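Listing of run_18.csv; format and content: CSV, C-alpha atoms and all ligand atoms.
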```
chain,number,residue,atom,x,y,z
A,1,MET,CA,-25.6,-117.3,17.7
A,2,ILE,CA,-25.5,-117.1,13.9
A,3,LEU,CA,-25.3,-120.5,12.3
A,4,LYS,CA,-25.2,-121.4,8.6
A,5,ILE,CA,-27.1,-124.6,8.2
A,6,ALA,CA,-27.2,-126.6,4.9
A,7,LEU,CA,-30.5,-128.4,4.4
A,8,LEU,CA,-30.2,-131.7,2.4
A,9,ALA,CA,-33.7,-133.1,2.3
A,10,GLY,CA,-32.9,-135.9,-0.1
A,11,ASP,CA,-35.4,-138.6,-1.0
A,12,GLY,CA,-38.6,-140.3,0.2
A,13,VAL,CA,-39.9,-138.8,3.4
A,14,GLY,CA,-36.7,-136.7,3.9
A,15,PRO,CA,-38.3,-133.4,2.8
A,16,GLU,CA,-41.4,-133.9,5.0
A,17,VAL,CA,-39.5,-134.7,8.2
A,18,LEU,CA,-36.8,-132.1,7.6
A,19,ALA,CA,-39.4,-129.4,7.2
A,20,GLN,CA,-40.5,-130.2,10.8
A,21,SER,CA,-37.0,-129.8,12.1
A,22,VAL,CA,-36.8,-126.4,10.4
A,23,LYS,CA,-40.0,-125.4,12.1
A,24,CYS,CA,-38.5,-126.4,15.4
A,25,LEU,CA,-35.2,-124.5,14.7
A,26,ASN,CA,-37.3,-121.5,13.7
A,27,ALA,CA,-39.0,-121.8,17.1
A,28,VAL,CA,-35.6,-121.9,18.8
A,29,GLU,CA,-34.4,-118.8,16.9
A,30,GLU,CA,-37.5,-116.9,18.0
A,31,THR,CA,-37.4,-118.1,21.7
A,32,PHE,CA,-33.6,-117.8,22.3
A,33,ASN,CA,-32.8,-115.0,19.9
A,34,HIS,CA,-30.5,-116.8,17.5
A,35,HIS,CA,-30.2,-116.5,13.7
A,36,PHE,CA,-30.0,-119.6,11.6
A,37,ILE,CA,-29.3,-119.2,7.9
A,38,PHE,CA,-30.8,-122.1,6.0
A,39,LYS,CA,-29.7,-123.1,2.4
A,40,GLU,CA,-31.1,-126.0,0.6
A,41,ALA,CA,-29.3,-128.4,-1.9
A,42,PRO,CA,-30.1,-131.6,-3.6
A,43,ILE,CA,-28.6,-135.0,-2.8
A,44,GLY,CA,-29.6,-138.7,-3.5
A,45,ALA,CA,-32.0,-139.9,-6.1
A,46,ILE,CA,-33.4,-136.5,-6.6
A,47,ALA,CA,-30.0,-135.2,-7.5
A,48,ILE,CA,-29.4,-138.1,-9.9
A,49,ASP,CA,-32.6,-137.2,-11.7
A,50,LYS,CA,-31.7,-133.5,-11.8
A,51,ASN,CA,-27.9,-133.4,-12.1
A,52,GLY,CA,-26.9,-137.0,-13.0
A,53,THR,CA,-24.9,-137.4,-9.8
A,54,PRO,CA,-26.1,-138.1,-6.3
A,55,LEU,CA,-23.7,-135.5,-4.8
A,56,PRO,CA,-23.4,-132.4,-7.0
A,57,ASP,CA,-20.3,-130.3,-6.5
A,58,THR,CA,-22.5,-127.3,-5.5
A,59,THR,CA,-24.1,-129.4,-2.8
A,60,LEU,CA,-20.7,-130.4,-1.4
A,61,LYS,CA,-19.5,-126.8,-1.6
A,62,LEU,CA,-22.5,-125.6,0.3
A,63,CYS,CA,-22.0,-128.2,3.1
A,64,GLN,CA,-18.3,-127.3,3.3
A,65,GLU,CA,-19.2,-123.6,3.7
A,66,SER,CA,-21.9,-124.2,6.3
A,67,ASP,CA,-21.5,-124.7,10.0
A,68,ALA,CA,-23.6,-127.8,10.0
A,69,VAL,CA,-25.7,-130.0,7.7
A,70,LEU,CA,-29.2,-131.1,8.5
A,71,PHE,CA,-29.9,-134.2,6.4
A,72,GLY,CA,-33.3,-135.8,5.6
A,73,ALA,CA,-33.1,-139.3,4.1
A,74,ILE,CA,-31.7,-141.1,1.1
A,75,GLY,CA,-32.6,-144.0,-1.2
A,76,ASP,CA,-35.1,-144.9,-3.8
A,77,PRO,CA,-36.6,-148.4,-4.6
A,78,LYS,CA,-35.9,-148.0,-8.3
A,79,TYR,CA,-32.2,-148.4,-7.5
A,80,ASP,CA,-32.5,-151.0,-4.8
A,81,ASN,CA,-34.0,-153.4,-7.3
A,82,ASP,CA,-31.4,-152.8,-9.9
A,83,PRO,CA,-28.1,-154.5,-9.1
A,84,ASP,CA,-26.6,-153.1,-12.3
A,85,ALA,CA,-27.3,-149.5,-11.6
A,86,LYS,CA,-24.1,-147.5,-12.1
A,87,VAL,CA,-25.0,-144.7,-9.8
A,88,ARG,CA,-26.9,-145.0,-6.6
A,89,PRO,CA,-28.5,-142.4,-4.3
A,90,GLU,CA,-26.6,-143.8,-1.2
A,91,GLN,CA,-23.3,-143.0,-2.9
A,92,GLY,CA,-24.2,-139.4,-2.3
A,93,LEU,CA,-24.3,-139.8,1.4
A,94,LEU,CA,-21.2,-141.9,1.6
A,95,GLN,CA,-19.2,-139.5,-0.6
A,96,LEU,CA,-20.5,-136.6,1.6
A,97,ARG,CA,-19.4,-138.3,4.8
A,98,LYS,CA,-16.0,-139.0,3.3
A,99,ALA,CA,-15.5,-135.5,1.8
A,100,LEU,CA,-16.5,-133.8,5.0
A,101,GLY,CA,-14.4,-136.1,7.1
A,102,LEU,CA,-17.3,-137.2,9.3
A,103,PHE,CA,-15.5,-140.1,10.9
A,104,ALA,CA,-17.7,-140.5,14.0
A,105,ASN,CA,-21.4,-141.3,13.9
A,106,ILE,CA,-23.1,-141.0,17.3
A,107,ARG,CA,-26.4,-142.8,17.8
A,108,PRO,CA,-28.1,-142.6,21.2
A,109,ILE,CA,-30.4,-145.5,22.1
A,110,LEU,CA,-33.0,-144.8,24.8
A,111,SER,CA,-36.2,-146.4,26.0
A,112,HIS,CA,-39.0,-143.9,26.5
A,113,PRO,CA,-41.2,-144.5,29.5
A,114,THR,CA,-44.4,-143.8,27.6
A,115,LEU,CA,-43.4,-146.0,24.6
A,116,LEU,CA,-42.4,-149.2,26.4
A,117,ASP,CA,-45.4,-151.0,24.9
A,118,LYS,CA,-44.4,-150.1,21.4
A,119,SER,CA,-41.3,-152.4,21.5
A,120,PRO,CA,-41.8,-156.1,20.9
A,121,LEU,CA,-39.3,-156.6,23.7
A,122,LYS,CA,-40.4,-157.1,27.3
A,123,LYS,CA,-40.8,-153.9,29.3
A,124,LYS,CA,-38.7,-155.1,32.1
A,125,VAL,CA,-35.8,-155.8,29.7
A,126,ILE,CA,-35.8,-152.4,28.0
A,127,ASN,CA,-37.1,-150.0,30.7
A,128,GLY,CA,-34.2,-147.7,31.7
A,129,THR,CA,-32.0,-148.4,28.6
A,130,ASP,CA,-29.6,-145.6,27.9
A,131,PHE,CA,-26.6,-146.2,25.7
A,132,VAL,CA,-24.9,-144.6,22.8
A,133,ILE,CA,-23.3,-146.2,19.8
A,134,TYR,CA,-20.1,-144.6,18.4
A,135,ARG,CA,-19.9,-146.0,14.9
A,136,GLU,CA,-16.8,-145.4,12.7
A,137,LEU,CA,-18.2,-143.8,9.6
A,138,THR,CA,-15.6,-143.2,6.9
A,139,GLY,CA,-13.6,-146.5,6.8
A,140,GLY,CA,-13.9,-150.2,6.8
A,141,ILE,CA,-15.8,-152.3,4.2
A,142,TYR,CA,-17.9,-149.3,3.1
A,143,PHE,CA,-14.9,-147.6,1.6
A,144,GLY,CA,-12.4,-150.4,0.9
A,145,GLU,CA,-11.5,-151.5,-2.6
A,146,LYS,CA,-14.5,-153.0,-4.5
A,147,LYS,CA,-13.9,-155.6,-7.2
A,148,LEU,CA,-16.1,-157.5,-9.7
A,149,ASN,CA,-14.5,-159.8,-12.2
A,150,GLU,CA,-15.2,-159.3,-15.9
A,151,GLU,CA,-17.7,-162.2,-16.0
A,152,GLY,CA,-19.6,-160.6,-13.1
A,153,THR,CA,-19.3,-163.9,-11.2
A,154,LYS,CA,-16.9,-162.9,-8.4
A,155,ALA,CA,-16.9,-159.8,-6.2
A,156,SER,CA,-15.2,-158.5,-3.1
A,157,ASP,CA,-15.2,-155.6,-0.7
A,158,LEU,CA,-12.1,-154.9,1.3
A,159,CYS,CA,-12.3,-154.1,5.0
A,160,GLU,CA,-9.4,-151.9,5.9
A,161,TYR,CA,-8.6,-149.8,8.9
A,162,SER,CA,-5.5,-147.8,10.0
A,163,GLU,CA,-4.4,-147.1,13.6
A,164,GLU,CA,-5.1,-143.5,13.0
A,165,GLU,CA,-8.7,-144.1,11.9
A,166,ILE,CA,-9.4,-146.2,15.0
A,167,SER,CA,-7.7,-144.0,17.5
A,168,ARG,CA,-9.5,-140.7,16.6
A,169,ILE,CA,-13.0,-142.2,17.2
A,170,ALA,CA,-11.8,-144.2,20.2
A,171,HIS,CA,-10.8,-141.0,21.9
A,172,LEU,CA,-14.2,-139.5,21.3
A,173,ALA,CA,-15.9,-142.6,22.6
A,174,PHE,CA,-13.7,-142.8,25.8
A,175,LYS,CA,-14.4,-139.1,26.4
A,176,ALA,CA,-18.2,-139.7,26.1
A,177,ALA,CA,-18.0,-142.7,28.4
A,178,LYS,CA,-16.1,-140.6,31.0
A,179,GLY,CA,-19.0,-138.2,31.1
A,180,ARG,CA,-21.6,-141.0,31.3
A,181,LYS,CA,-21.6,-144.3,33.1
A,182,LYS,CA,-17.9,-144.9,32.5
A,183,LYS,CA,-18.1,-148.1,30.6
A,184,LEU,CA,-17.0,-148.7,27.0
A,185,THR,CA,-17.7,-151.8,25.0
A,186,LEU,CA,-15.7,-152.4,21.9
A,187,VAL,CA,-17.8,-154.5,19.5
A,188,ASP,CA,-15.8,-156.5,16.9
A,189,LYS,CA,-15.1,-159.9,15.4
A,190,ALA,CA,-11.5,-160.3,16.7
A,191,ASN,CA,-11.8,-164.1,16.7
A,192,VAL,CA,-11.9,-163.9,12.9
A,193,LEU,CA,-10.9,-160.6,11.4
A,194,GLU,CA,-7.4,-159.1,11.4
A,195,SER,CA,-8.9,-155.6,11.2
A,196,SER,CA,-10.8,-156.3,14.5
A,197,ARG,CA,-7.6,-157.4,16.2
A,198,LEU,CA,-6.1,-154.1,15.3
A,199,TRP,CA,-9.1,-152.3,16.8
A,200,ARG,CA,-8.6,-154.3,20.0
A,201,LYS,CA,-4.9,-153.5,20.2
A,202,VAL,CA,-5.4,-149.7,19.5
A,203,VAL,CA,-8.4,-149.3,21.8
A,204,THR,CA,-6.8,-151.2,24.6
A,205,ARG,CA,-3.8,-148.9,24.4
A,206,ILE,CA,-5.9,-145.8,24.3
A,207,GLY,CA,-7.9,-147.1,27.3
A,208,GLU,CA,-4.8,-146.8,29.5
A,209,SER,CA,-5.2,-143.0,29.2
A,210,TYR,CA,-8.8,-143.3,30.5
A,211,PRO,CA,-8.3,-145.3,33.7
A,212,GLU,CA,-11.7,-144.3,35.0
A,213,VAL,CA,-13.5,-146.0,32.1
A,214,ALA,CA,-14.0,-149.7,32.3
A,215,LEU,CA,-13.3,-151.3,28.9
A,216,ASP,CA,-14.7,-154.5,27.7
A,217,PHE,CA,-15.0,-156.4,24.4
A,218,LEU,CA,-17.8,-158.3,22.7
A,219,PHE,CA,-17.9,-160.2,19.5
A,220,VAL,CA,-20.5,-158.7,17.2
A,221,ASP,CA,-22.6,-161.8,17.0
A,222,ASN,CA,-22.8,-161.9,20.8
A,223,ALA,CA,-23.4,-158.1,21.0
A,224,ALA,CA,-26.4,-158.5,18.6
A,225,MET,CA,-27.8,-161.0,21.1
A,226,GLN,CA,-26.9,-158.9,24.3
A,227,ILE,CA,-28.5,-155.8,22.9
A,228,ILE,CA,-31.9,-157.4,23.0
A,229,LEU,CA,-31.3,-159.7,26.0
A,230,ASN,CA,-30.0,-157.1,28.3
A,231,PRO,CA,-29.6,-153.6,26.8
A,232,LYS,CA,-29.1,-152.0,30.2
A,233,GLN,CA,-25.7,-153.4,30.5
A,234,PHE,CA,-24.4,-150.9,27.9
A,235,ASP,CA,-23.1,-147.4,28.2
A,236,VAL,CA,-20.9,-146.5,25.2
A,237,ILE,CA,-20.5,-149.0,22.4
A,238,LEU,CA,-17.6,-148.4,20.0
A,239,THR,CA,-17.5,-150.2,16.7
A,240,GLU,CA,-16.5,-150.2,13.1
A,241,ASN,CA,-18.7,-148.9,10.2
A,242,MET,CA,-20.6,-152.0,9.1
A,243,PHE,CA,-21.2,-153.5,12.6
A,244,GLY,CA,-22.4,-150.1,13.7
A,245,ASP,CA,-24.8,-149.8,10.9
A,246,ILE,CA,-26.4,-153.1,11.7
A,247,ILE,CA,-26.5,-152.9,15.5
A,248,SER,CA,-27.9,-149.4,15.5
A,249,ASP,CA,-31.0,-150.5,13.5
A,250,GLU,CA,-31.3,-153.4,16.0
A,251,GLY,CA,-31.1,-150.9,18.9
A,252,SER,CA,-33.9,-148.9,17.5
A,253,VAL,CA,-36.3,-151.7,18.4
A,254,ILE,CA,-35.7,-150.7,22.0
A,255,GLY,CA,-37.0,-147.2,21.5
A,256,GLY,CA,-40.3,-148.5,20.0
A,257,SER,CA,-39.9,-147.0,16.5
A,258,ILE,CA,-37.0,-146.4,14.2
A,259,GLY,CA,-38.7,-143.1,13.7
A,260,LEU,CA,-37.3,-141.8,17.0
A,261,LEU,CA,-33.6,-142.3,16.5
A,262,ALA,CA,-31.4,-139.4,15.9
A,263,SER,CA,-27.8,-139.2,15.0
A,264,ALA,CA,-24.8,-136.9,14.7
A,265,SER,CA,-21.9,-137.4,12.4
A,266,VAL,CA,-18.9,-135.4,13.3
A,267,GLY,CA,-15.4,-134.8,12.1
A,268,GLU,CA,-12.6,-132.3,12.7
A,269,GLU,CA,-14.3,-129.5,10.8
A,270,ASN,CA,-17.8,-130.5,9.9
A,271,ALA,CA,-20.9,-132.0,11.4
A,272,LEU,CA,-24.0,-133.5,9.9
A,273,PHE,CA,-27.2,-134.4,11.7
A,274,GLU,CA,-29.6,-137.0,10.4
A,275,PRO,CA,-32.3,-139.5,11.5
A,276,ILE,CA,-31.1,-143.1,11.3
A,277,HIS,CA,-34.2,-144.2,9.4
A,278,GLY,CA,-34.2,-144.5,5.7
A,279,SER,CA,-36.2,-142.8,3.0
A,280,TYR,CA,-39.4,-144.9,3.7
A,281,PRO,CA,-40.7,-144.5,0.2
A,282,GLN,CA,-44.0,-146.1,0.9
A,283,ALA,CA,-44.9,-143.2,3.2
A,284,LYS,CA,-43.7,-140.4,0.9
A,285,GLY,CA,-46.2,-137.6,0.6
A,286,LYS,CA,-48.7,-139.3,2.9
A,287,ASP,CA,-48.0,-137.1,5.9
A,288,ILE,CA,-47.5,-140.1,8.2
A,289,ALA,CA,-43.7,-140.3,8.6
A,290,ASN,CA,-42.6,-139.7,12.2
A,291,PRO,CA,-40.6,-136.4,12.3
A,292,ILE,CA,-39.2,-137.0,15.8
A,293,ALA,CA,-35.9,-138.6,14.7
A,294,SER,CA,-35.2,-135.6,12.5
A,295,ILE,CA,-36.3,-133.1,15.2
A,296,LEU,CA,-34.0,-134.9,17.8
A,297,SER,CA,-31.2,-134.7,15.2
A,298,ALA,CA,-31.7,-131.0,15.2
A,299,ALA,CA,-31.5,-131.1,19.0
A,300,MET,CA,-28.1,-132.8,18.6
A,301,LEU,CA,-27.1,-130.0,16.2
A,302,LEU,CA,-27.9,-127.5,18.9
A,303,GLU,CA,-25.9,-129.5,21.5
A,304,HIS,CA,-23.0,-129.7,19.2
A,305,PHE,CA,-22.7,-125.9,19.3
A,306,GLY,CA,-23.1,-125.8,23.1
A,307,LEU,CA,-26.7,-124.6,22.9
A,308,ASN,CA,-27.8,-127.0,25.6
A,309,GLU,CA,-30.7,-125.1,27.0
A,310,GLU,CA,-32.1,-124.8,23.5
A,311,ALA,CA,-31.6,-128.5,22.9
A,312,TRP,CA,-33.3,-129.3,26.2
A,313,ALA,CA,-36.3,-127.2,25.1
A,314,VAL,CA,-36.6,-129.2,21.9
A,315,LYS,CA,-36.3,-132.5,23.8
A,316,LYS,CA,-38.8,-131.4,26.4
A,317,ALA,CA,-41.3,-130.5,23.6
A,318,VAL,CA,-40.7,-133.9,22.0
A,319,ASP,CA,-41.4,-135.6,25.4
A,320,LYS,CA,-44.6,-133.7,25.7
A,321,SER,CA,-45.8,-134.9,22.3
A,322,LEU,CA,-45.0,-138.5,23.3
A,323,LYS,CA,-46.7,-138.1,26.6
A,324,LYS,CA,-49.8,-136.5,25.1
A,325,GLY,CA,-50.0,-139.0,22.3
A,326,ILE,CA,-49.6,-136.2,19.7
A,327,VAL,CA,-47.7,-138.7,17.5
A,328,THR,CA,-47.8,-140.3,14.1
A,329,PRO,CA,-49.5,-143.6,13.5
A,330,ASP,CA,-46.2,-145.7,13.9
A,331,LEU,CA,-46.4,-144.8,17.6
A,332,ARG,CA,-50.2,-144.9,18.1
A,333,GLU,CA,-52.5,-146.8,15.8
A,334,ASN,CA,-55.2,-144.7,14.3
A,335,SER,CA,-53.5,-141.6,15.5
A,336,GLN,CA,-55.2,-138.6,13.7
A,337,TYR,CA,-51.9,-136.6,13.8
A,338,GLY,CA,-49.8,-136.3,10.7
A,339,THR,CA,-46.1,-135.4,10.2
A,340,ASN,CA,-47.0,-131.7,9.9
A,341,GLN,CA,-49.2,-131.6,13.0
A,342,VAL,CA,-46.7,-133.3,15.2
A,343,GLY,CA,-44.1,-130.8,13.9
A,344,ASP,CA,-46.4,-127.9,14.6
A,345,PHE,CA,-47.1,-129.2,18.1
A,346,ILE,CA,-43.4,-129.7,19.0
A,347,ALA,CA,-42.4,-126.3,17.5
A,348,HIS,CA,-45.2,-124.6,19.4
A,349,ASN,CA,-44.1,-126.1,22.7
A,350,ILE,CA,-40.6,-124.9,22.1
A,351,VAL,CA,-41.8,-121.3,22.0
A,352,ASP,CA,-44.1,-121.8,25.0
A,353,ILE,CA,-41.8,-123.9,27.1
A,354,GLU,CA,-43.6,-123.1,30.3
A,355,ASP,CA,-47.1,-123.0,28.7
A,356,ASP,CA,-48.7,-126.0,30.3
A,357,THR,CA,-52.1,-124.4,30.5
A,358,LEU,CA,-53.5,-126.3,27.6
A,359,MET,CA,-52.2,-129.6,28.9
A,360,ASN,CA,-52.8,-131.5,32.1
A,361,ASP,CA,-50.9,-134.6,32.5
A,362,GLU,CA,-53.7,-136.2,34.7
A,363,ASN,CA,-56.7,-135.1,32.7
A,364,ILE,CA,-55.7,-135.7,29.1
A,365,ASP,CA,-55.9,-139.3,28.2
A,366,LEU,CA,-53.4,-140.5,25.6
A,367,GLY,CA,-54.9,-140.1,22.2
A,368,LYS,CA,-57.9,-138.1,23.3
A,369,SER,CA,-56.3,-134.7,23.1
A,370,THR,CA,-57.7,-132.2,20.8
A,371,ILE,CA,-55.1,-129.6,21.3
A,372,ILE,CA,-54.2,-129.1,17.7
B,401,LIG,C1,-27.3,-145.4,7.8
B,401,LIG,C2,-27.8,-145.9,6.5
B,401,LIG,C3,-26.6,-145.7,5.4
B,401,LIG,C4,-25.5,-146.5,5.9
B,401,LIG,C5,-27.1,-146.0,4.0
B,401,LIG,C6,-28.3,-145.2,3.6
B,401,LIG,C7,-25.9,-145.8,3.0
B,401,LIG,O1,-28.2,-147.2,6.5
B,401,LIG,O2,-26.9,-144.2,7.9
B,401,LIG,O3,-27.3,-146.2,8.7
B,401,LIG,O4,-25.4,-147.7,5.5
B,401,LIG,O5,-24.6,-146.0,6.5
B,402,MG,MG,-28.2,-148.0,8.5
```
Kindly present the structure from the file in structure tokens form.
Ligand code: IPM
Ligand code: MG
Amino acid sequence: MILKIALLAGDGVGPEVLAQSVKCLNAVEETFNHHFIFKEAPIGAIAIDKNGTPLPDTTLKLCQESDAVLFGAIGDPKYDNDPDAKVRPEQGLLQLRKALGLFANIRPILSHPTLLDKSPLKKKVINGTDFVIYRELTGGIYFGEKKLNEEGTKASDLCEYSEEEISRIAHLAFKAAKGRKKKLTLVDKANVLESSRLWRKVVTRIGESYPEVALDFLFVDNAAMQIILNPKQFDVILTENMFGDIISDEGSVIGGSIGLLASASVGEENALFEPIHGSYPQAKGKDIANPIASILSAAMLLEHFGLNEEAWAVKKAVDKSLKKGIVTPDLRENSQYGTNQVGDFIAHNIVDIEDDTLMNDENIDLGKSTII
């Protein structure tokens, strides 16, 4: 398959983790005989410095002309601490999501058997967790009208949703649930918000076309509690933009590190794949950022194009790095492996899918491996 992939490395550790995904995609090309054409473009703080805007027209054009976008990270502390900043790096990502029509953000939350200890939650609570969040991505309070009075003493952000915006992502979420454990939970705040009541109405109606899927509802405050009390109760969670942003970071605690969580953002015509973590500026250039979330996002890219065997090879290589302890320090204290080495290890194991000669599950203790 020939795929045109736009690479938007962005800020902070974005370039470092994205480089590991490219290594892995190169390994996939070599092993499965595909051709991926990569083109890079600036976005975020780097683009503001260079072009005065977080999303230059040329970047948007490249994304529109590509089959998929692989995204690194966005954000820079110099803007976070300046409430008066007129342009912000994050605007680049938000504008891009809107311009590409990426209305559904899909975030799988899984516990990994070898990382149960990394979560502050009890093993018995998280072991076996496997759910996916369908977060609406181009509507709600993120994109509603913003107001600030002249004195700068009063501000508001409008949360607005149309039936059409709700229904297109609801269909995707119900279809996903149909292929999984057949349960869909709508997370909202229908006891307070009019927009949430519209979500309930529309989702309930759409649910009638998916009789095999059990539909239930949770208020977001309760959902925030349930996700850490009993995450195994969930299969597909459907929710609006802001609630999805918040509960997906919460969900990452189950996996043991936010550095593991991948996501896909899809629309009618475009698709973008990005780790859910931020730009982690403290780690920039230190070769310590976990590249796995980015690599798993690349696996989601492959799945999006039906390259399931290829995606499986990537995930299997990631599993191997976790099992062998070839991981960055967020997953194993004092790990001697950096971002680059973990990327190399995973890419190598994609090429040599069956090559288990160097490894022996029984004989190599976690952390003692000297394979690289
Ligand atoms: C995310 C991020 C973004 C969001 C930021 C960087 C604008 O937190 O993708 O979850 O809020 O959507
Ligand atoms: Mg977020």
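Taking all atoms listed in the file into account, every polymer residue with at least one atom at most 7 Å away from ligand LIG 401 (chain B) is listed here: Ile74, Gly75, Glu90, Leu93, Leu94, Asp245, Ile276 and Gly278 of chain A.
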Per-residue nearest contacts chain A to ligand MG 402 (chain B), cut-off 10 Å, using only C-alpha atoms and all ligand atoms, as CSV:
```
residue,atom,partner,partner_atom,distance
A:Asn241,CA,B:MG402,MG,9.7
A:Met242,CA,B:MG402,MG,8.6
A:Phe243,CA,B:MG402,MG,9.8
A:Gly244,CA,B:MG402,MG,8.1
A:Asp245,CA,B:MG402,MG,4.5
A:Ile246,CA,B:MG402,MG,6.3
A:Ile247,CA,B:MG402,MG,8.7
A:Ser248,CA,B:MG402,MG,7.1
A:Asp249,CA,B:MG402,MG,6.3
A:Glu250,CA,B:MG402,MG,9.7
A:Pro275,CA,B:MG402,MG,9.9
A:Ile276,CA,B:MG402,MG,6.3
A:His277,CA,B:MG402,MG,7.2
A:Gly278,CA,B:MG402,MG,7.5
```
Restrict the calculation to all atoms listed in the file, then for each residue of range 149-238 of chain A with any atom at most 12 Å from an atom of range 124-144 of chain A give the closest atom pair and their distance in Å to one decimal, rows by chain and rising residue number, as CSV.
```
residue,atom,partner,partner_atom,distance
A:Ser156,CA,A:Gly144,CA,9.5
A:Asp157,CA,A:Ile141,CA,5.9
A:Leu158,CA,A:Gly144,CA,4.5
A:Cys159,CA,A:Ile141,CA,4.0
A:Glu160,CA,A:Gly140,CA,4.9
A:Tyr161,CA,A:Gly140,CA,5.7
A:Ser162,CA,A:Gly139,CA,8.8
A:Glu163,CA,A:Gly139,CA,11.5
A:Glu164,CA,A:Gly139,CA,10.9
A:Glu165,CA,A:Gly139,CA,7.5
A:Ile166,CA,A:Glu136,CA,7.8
A:Ser167,CA,A:Glu136,CA,10.4
A:Arg168,CA,A:Glu136,CA,9.5
A:Ile169,CA,A:Glu136,CA,6.7
A:Ala170,CA,A:Tyr134,CA,8.5
A:His171,CA,A:Tyr134,CA,10.6
A:Leu172,CA,A:Tyr134,CA,8.3
A:Ala173,CA,A:Tyr134,CA,6.3
A:Phe174,CA,A:Tyr134,CA,9.9
A:Lys175,CA,A:Tyr134,CA,11.3
A:Ala176,CA,A:Val132,CA,8.9
A:Ala177,CA,A:Val132,CA,9.1
A:Arg180,CA,A:Phe131,CA,9.1
A:Lys181,CA,A:Phe131,CA,9.1
A:Lys182,CA,A:Phe131,CA,11.1
A:Lys183,CA,A:Phe131,CA,10.0
A:Leu184,CA,A:Val132,CA,9.8
A:Thr185,CA,A:Ile133,CA,9.5
A:Leu186,CA,A:Tyr134,CA,9.6
A:Val187,CA,A:Arg135,CA,9.9
A:Asp188,CA,A:Arg135,CA,11.4
A:Leu193,CA,A:Gly140,CA,11.8
A:Glu194,CA,A:Gly140,CA,11.9
A:Ser195,CA,A:Gly140,CA,8.6
A:Ser196,CA,A:Gly140,CA,10.3
A:Trp199,CA,A:Glu136,CA,11.1
A:Ala223,CA,A:Ile133,CA,12.0
A:Gln226,CA,A:Val125,CA,10.9
A:Ile227,CA,A:Ile126,CA,9.5
A:Ile228,CA,A:Val125,CA,7.9
A:Leu229,CA,A:Val125,CA,7.0
A:Asn230,CA,A:Val125,CA,6.1
A:Pro231,CA,A:Thr129,CA,6.0
A:Lys232,CA,A:Thr129,CA,4.9
A:Gln233,CA,A:Thr129,CA,8.3
A:Phe234,CA,A:Phe131,CA,5.6
A:Asp235,CA,A:Phe131,CA,4.5
A:Val236,CA,A:Val132,CA,5.0
A:Ile237,CA,A:Ile133,CA,4.7
A:Leu238,CA,A:Tyr134,CA,4.8
```
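Checking A:Ala99, A:Leu307, A:Ile258, A:Trp312 one by one against Asn290 in chain A, counting only C-alpha atoms, you find the shortest gap at A:Ile258.
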Straight-line distance linking CA of Tyr280 in chain A with CA of Lys324 in chain A, stated in Å to one decimal: 25.2 Å
Interatomic distance, CA of Ile346 in chain A to CA of Ala41 in chain A (Å, one decimal):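 Straight-line distance from CA of Ile346 in chain A to CA of Ala41 in chain A works out to 25.2 Å.
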